[in-house]
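Chemist: The following block contains the structure, expressed as structure tokens.
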Amino acid sequence: MTTLYEVHGTVAVITLNNPPVNGLGYATRVSITDHLQKANSDAAIKSIVITGAGTAFSGGADIKEFGSPKALAEPNLLSVILAIENSAKPVVAAVHSVCMGGGLELALGCHYRIAAPGCSVALPEVKLGLVPGAGGTQRLPRALGVEPALNMIVSGEPVKSELLAQIPGQNLFNKMAAAAQSLVAESLAYAQSIADTRPLPLVRNLPCKHKNGDAYFQFARNMVGGMSKGYPAPLKCVDAVEAATKRKFDDGMAYERELFINLMWSPEGRALRHIFMAERAASKIPDVPSDTPKRDIQSIAVIGAGTMGGGISMNFLNAGIPVKMLEMKQDALDRGIATIRKNYEAQVKKGKLKQEKYEERMSLLSTTLSYDDLKDADMVIEAVFEEMGVKEKVFKELDRVMKPGAILASNTSTLDMNKIAAFTKRPQDVIGTHFFSPANIMKLLEVVRGEKTGKDVLATVMALGKKIKKTSVVSGVCDGFIGNRMIEQYGRQGGFLLDEGCTPAQVDKAIEKFGFAMGPFRMGDLAGNDIGFAIRKRRYVEKPDMKYSKTADLLCEKGRFGQKTGAGWYDYVPGKRDAIPNAEVISMIEAHRKSLGITPRKISDEEIVQRLVYSLVNEAAHILEEGIASKASDIDMVYLMGYGFPIYRGGPMNYANEVGLFNVVQAMNRFAQNPLDDAKFWQPAPLLARLVAEGKTFS
Ligand code: NAD
């Protein structure tokens, strides 16, 4: 049963019982209305309490029903709330722990509300690209006041019940329980105390005004509009709340519905809901069931205290897991520790980290120069130079010293994980953990599954990723894994665009306008152009047929590696990150173009964006077909969390679905006609061609 029914004297208690968060799915909605009717037709019952079992009152909609017709099947949430409002006997919501989305809307439909302290209260729909759709925008401003309600609705952020109860004049909570433990007993007493009160109070009947109405909403629109470029939902939240202050309740409800439905069908709304599901799907691996036994990871060793080793260590220190760092020389260790300290101290200075926490974290960090000191660690992560010979030495040492059952991980970004695993006598314990720089900040973790990686090792590392708050995505072994393999094609297109007539700034601006955090040339300058230079030199030998623009090589030959050398595609002023176009670079590009006999042409922003984005899509289709990624949504998560793809476009695969795969392939066929581009690359990947022929999408 998804709701329970109990009678305590003259009070009927309806307890939502749909774990994990008492989602308001179809079965739950049916049983709420059934039990409401039962209580109303029992003469012995004088009042009704609705509460939630376990660790939530209700988290709102049932995500299992997301996007399915069941989500809207009658009784839908609006009908359930109407049934509560129309109950002849008073209904008291007893909220605790989590009261969000539809859960809060349900509570707002009750005649009275009593809250336990510590309850997280929110209307988070905006985070899914929506406005609340069951009266939240009309009832919360009436119950709480216009400004605090608008703040909650626009941000989607939870606020603690005890803070809301302190807002002057609020009618959200009629009473605060002394503690969560006494909530039910206090609710029963409260329900008895109001059993005979008539008429029953309804939030819909409360006044809703703002004393500076128009000026306040104008201010709110300016603020919200500035902070939510590309996202329509936050401004619609403002519209809906303004309607609550200006229209009759039922008209406001109709307007909220209209906004909700329009947003539901907007590409941004679809993208945000896609991400919500994709994030959950990423942790599900087709052949590794969720009950796969996991190894116990209580301590970590990190080899190499450089850029990545330090950042990686911080993730575990932040999660309270002790870390031992190993280097070849003491001064490298000292430098690594100093950088970690500097990062934490900057957080302390900004007030983001308490001094005691900083000290607590540092106390979990130890160092060594001897492999023998690592023998007790449950897992080791290698982050030494990117050379197979160095990795070989390190992994042979690790194989010698690590205890049986320890997990041996490598942070390699390009090397063959199967080869690395073969340096040990325990390839089942070896796995790739590809962190992104800065490793203590970037959300993405590519978990690289070798041919022989044990399922329990994979399950353990995925769980550990969650513990250190990463979005972990599984990748098979290939050069560049998911993210960097795709970015290489994107970078190649960037080069061709320069050869054909663009400037770096034009390309960057076009793709930044599309929504990318940074265009390819600013990104190259940030990451270091020398990285791509080294990869290309390898490619010229390995894949002599692959076509590349030579401009990036010419740039590197001038020593313009990017921000770290103060000059790359752009110039940089020390201490600043602003990219300043450089005339010499432009002349270099023009001279190279001339040497190739190319007459520059004007290239539209649309073409720039299509070539860059579709190059990601076509490579991704190969990656999917080869089984390197197990689902298209995993590729989206890699690009959203690791490469600054615009969130409101939902990732390259979701974006391609939105454009229509037929249209994507049509554009690719046009690009293949361009003699200065790479016709071979633009052959649609077989999977993409098949999906188009079958009229399907990546999902
Ligand atoms: P880095 O040069 O900053 O640091 C490497 C550290 O390893 C140095 O401090 C060096 O002293 C130490 N080291 C080298 N050989 C060693 C050995 N045999 N034993 C112990 N310590 C040794 O390099 P990095 O940027 O931190 O990269 C490390 C790894 O992470 C590489 O595999 C790289 O491909 C990968 N990676 C780097 C980035 C990035 O953006 N920098 C991103 C993802 C992955």
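Going by the structure tokens order, chains are called A, B, ..., each with residues numbered from 1, while ligands are numbered from 1 in the order shown.
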Near A:Arg611, within 7 Å and counting only C-alpha atoms, which residues show up once chain neighbours fewer than 4 positions away are dropped, as a PDB file with N, CA, C and O atoms, in the first residue's frame?
Modeler:
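Listing of around_9.pdb after writing:
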```pdb
ATOM      1  N   GLN A 493      37.885  20.706 -36.246  1.00  0.00           N
ATOM      2  CA  GLN A 493      36.984  21.614 -36.968  1.00  0.00           C
ATOM      3  C   GLN A 493      37.367  23.063 -36.707  1.00  0.00           C
ATOM      4  O   GLN A 493      37.346  23.894 -37.615  1.00  0.00           O
ATOM      5  N   GLU A 607      26.985  28.140 -39.236  1.00  0.00           N
ATOM      6  CA  GLU A 607      27.871  27.085 -39.753  1.00  0.00           C
ATOM      7  C   GLU A 607      28.932  26.708 -38.713  1.00  0.00           C
ATOM      8  O   GLU A 607      29.251  25.531 -38.528  1.00  0.00           O
ATOM      9  N   SER A 615      30.422  17.714 -35.087  1.00  0.00           N
ATOM     10  CA  SER A 615      31.632  16.880 -35.049  1.00  0.00           C
ATOM     11  C   SER A 615      31.631  16.072 -33.750  1.00  0.00           C
ATOM     12  O   SER A 615      32.020  14.897 -33.738  1.00  0.00           O
TER      13      SER A 615
END
```
Chemist: Can you tell me which residues surround A:Ala12 at a distance of at most 8 Å, considering only C-alpha atoms, apart from same-chain residues fewer than 4 positions away, and format the answer as a list in words?
Modeler: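 The residues satisfying every condition are Tyr5, Glu6, Val7, His8, Ala39, Ile45, Ser47, Ile48 and Val49 of chain A.
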Chemist: For stretch 322-333 of chain A, find every residue with an atom within 10 Å (counting only C-alpha atoms), except residues of its own chain fewer than 5 positions away, and show them as an NGL selection string.
Modeler: :A and (298-306 or 309-310 or 312-317 or 338-339 or 361-371 or 373-374 or 377 or 379-382 or 384)
Chemist: Per residue of stretch 512-545 of chain A within 12 Å of stretch 228-233 of chain A, what are the shortest atom pair and its distance in Å to one decimal, counting only C-alpha atoms, with rows by chain and residue number, as a tab-separated table?
Modeler:
```
residue	atom	partner	partner_atom	distance
A:Glu512	CA	A:Gly230	CA	11.9
A:Lys513	CA	A:Gly230	CA	10.0
A:Phe514	CA	A:Gly230	CA	9.4
A:Gly515	CA	A:Gly230	CA	7.9
A:Phe516	CA	A:Gly230	CA	11.3
```
Chemist: Hey, can you spit out that residue selection with N, CA, C and O atoms as a PDB file, in the first residue's frame?
Modeler:
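The resulting file, part-v8.pdb, is shown below:
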```pdb
ATOM      1  N   GLU A 512      30.218  30.419 -27.952  1.00  0.00           N
ATOM      2  CA  GLU A 512      29.846  30.927 -26.617  1.00  0.00           C
ATOM      3  C   GLU A 512      28.425  31.488 -26.646  1.00  0.00           C
ATOM      4  O   GLU A 512      27.690  31.375 -25.675  1.00  0.00           O
ATOM      5  N   LYS A 513      28.056  32.086 -27.771  1.00  0.00           N
ATOM      6  CA  LYS A 513      26.676  32.574 -27.912  1.00  0.00           C
ATOM      7  C   LYS A 513      25.699  31.391 -27.908  1.00  0.00           C
ATOM      8  O   LYS A 513      24.597  31.474 -27.374  1.00  0.00           O
ATOM      9  N   PHE A 514      26.129  30.289 -28.452  1.00  0.00           N
ATOM     10  CA  PHE A 514      25.321  29.067 -28.423  1.00  0.00           C
ATOM     11  C   PHE A 514      25.139  28.600 -26.973  1.00  0.00           C
ATOM     12  O   PHE A 514      24.177  27.919 -26.647  1.00  0.00           O
ATOM     13  N   GLY A 515      26.100  28.984 -26.127  1.00  0.00           N
ATOM     14  CA  GLY A 515      25.949  28.664 -24.701  1.00  0.00           C
ATOM     15  C   GLY A 515      27.141  27.966 -24.065  1.00  0.00           C
ATOM     16  O   GLY A 515      27.148  27.750 -22.857  1.00  0.00           O
ATOM     17  N   PHE A 516      28.156  27.582 -24.870  1.00  0.00           N
ATOM     18  CA  PHE A 516      29.346  26.954 -24.290  1.00  0.00           C
ATOM     19  C   PHE A 516      30.014  27.928 -23.316  1.00  0.00           C
ATOM     20  O   PHE A 516      30.024  29.142 -23.557  1.00  0.00           O
TER      21      PHE A 516
END
```
Chemist: Within stretch 31-136 of chain A, find each residue whose DSSP state, derived from the backbone, is alpha helix (DSSP H), and express the selection as a ChimeraX atom specification.
Modeler: /A:31-40,77-85,102-109,136
Chemist: Could you pull the residues within 10 Å of stretch 395-411 of chain A, counting only C-alpha atoms, minus those fewer than 3 positions along the same chain, as number ranges by chain?
Modeler: A: 295-297, 300-303, 308-309, 312, 371-386, 390-392, 414-415, 417, 420-436, 445-448, 453-454, 457-458, 460-461
Chemist: Pick from A:Cys237, A:Cys478, A:Asp34, A:Asp636: nearest to A:Leu123, with only C-alpha atoms counted?
Modeler: A:Cys237
Chemist: Using only C-alpha atoms and all ligand atoms, which of A:Lys70, A:His111, A:Lys354, A:Arg335 sits nearest ligand 1?
Modeler: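 Checking each candidate against ligand 1, we get A:Arg335 as the closest.
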Chemist: Identify, on the basis of only C-alpha atoms, every residue whose closest approach to stretch 92-98 of chain A does not exceed 10 Å; exclude the query and any residue fewer than 3 positions from it along the same chain; express the result as a PyMOL selection string.
Modeler: chain A and resi 13-15+21-22+47-60+84+89+101+103-104+106-122+158+160-161+173-177+179-181+183-184+186-188+190-191+194
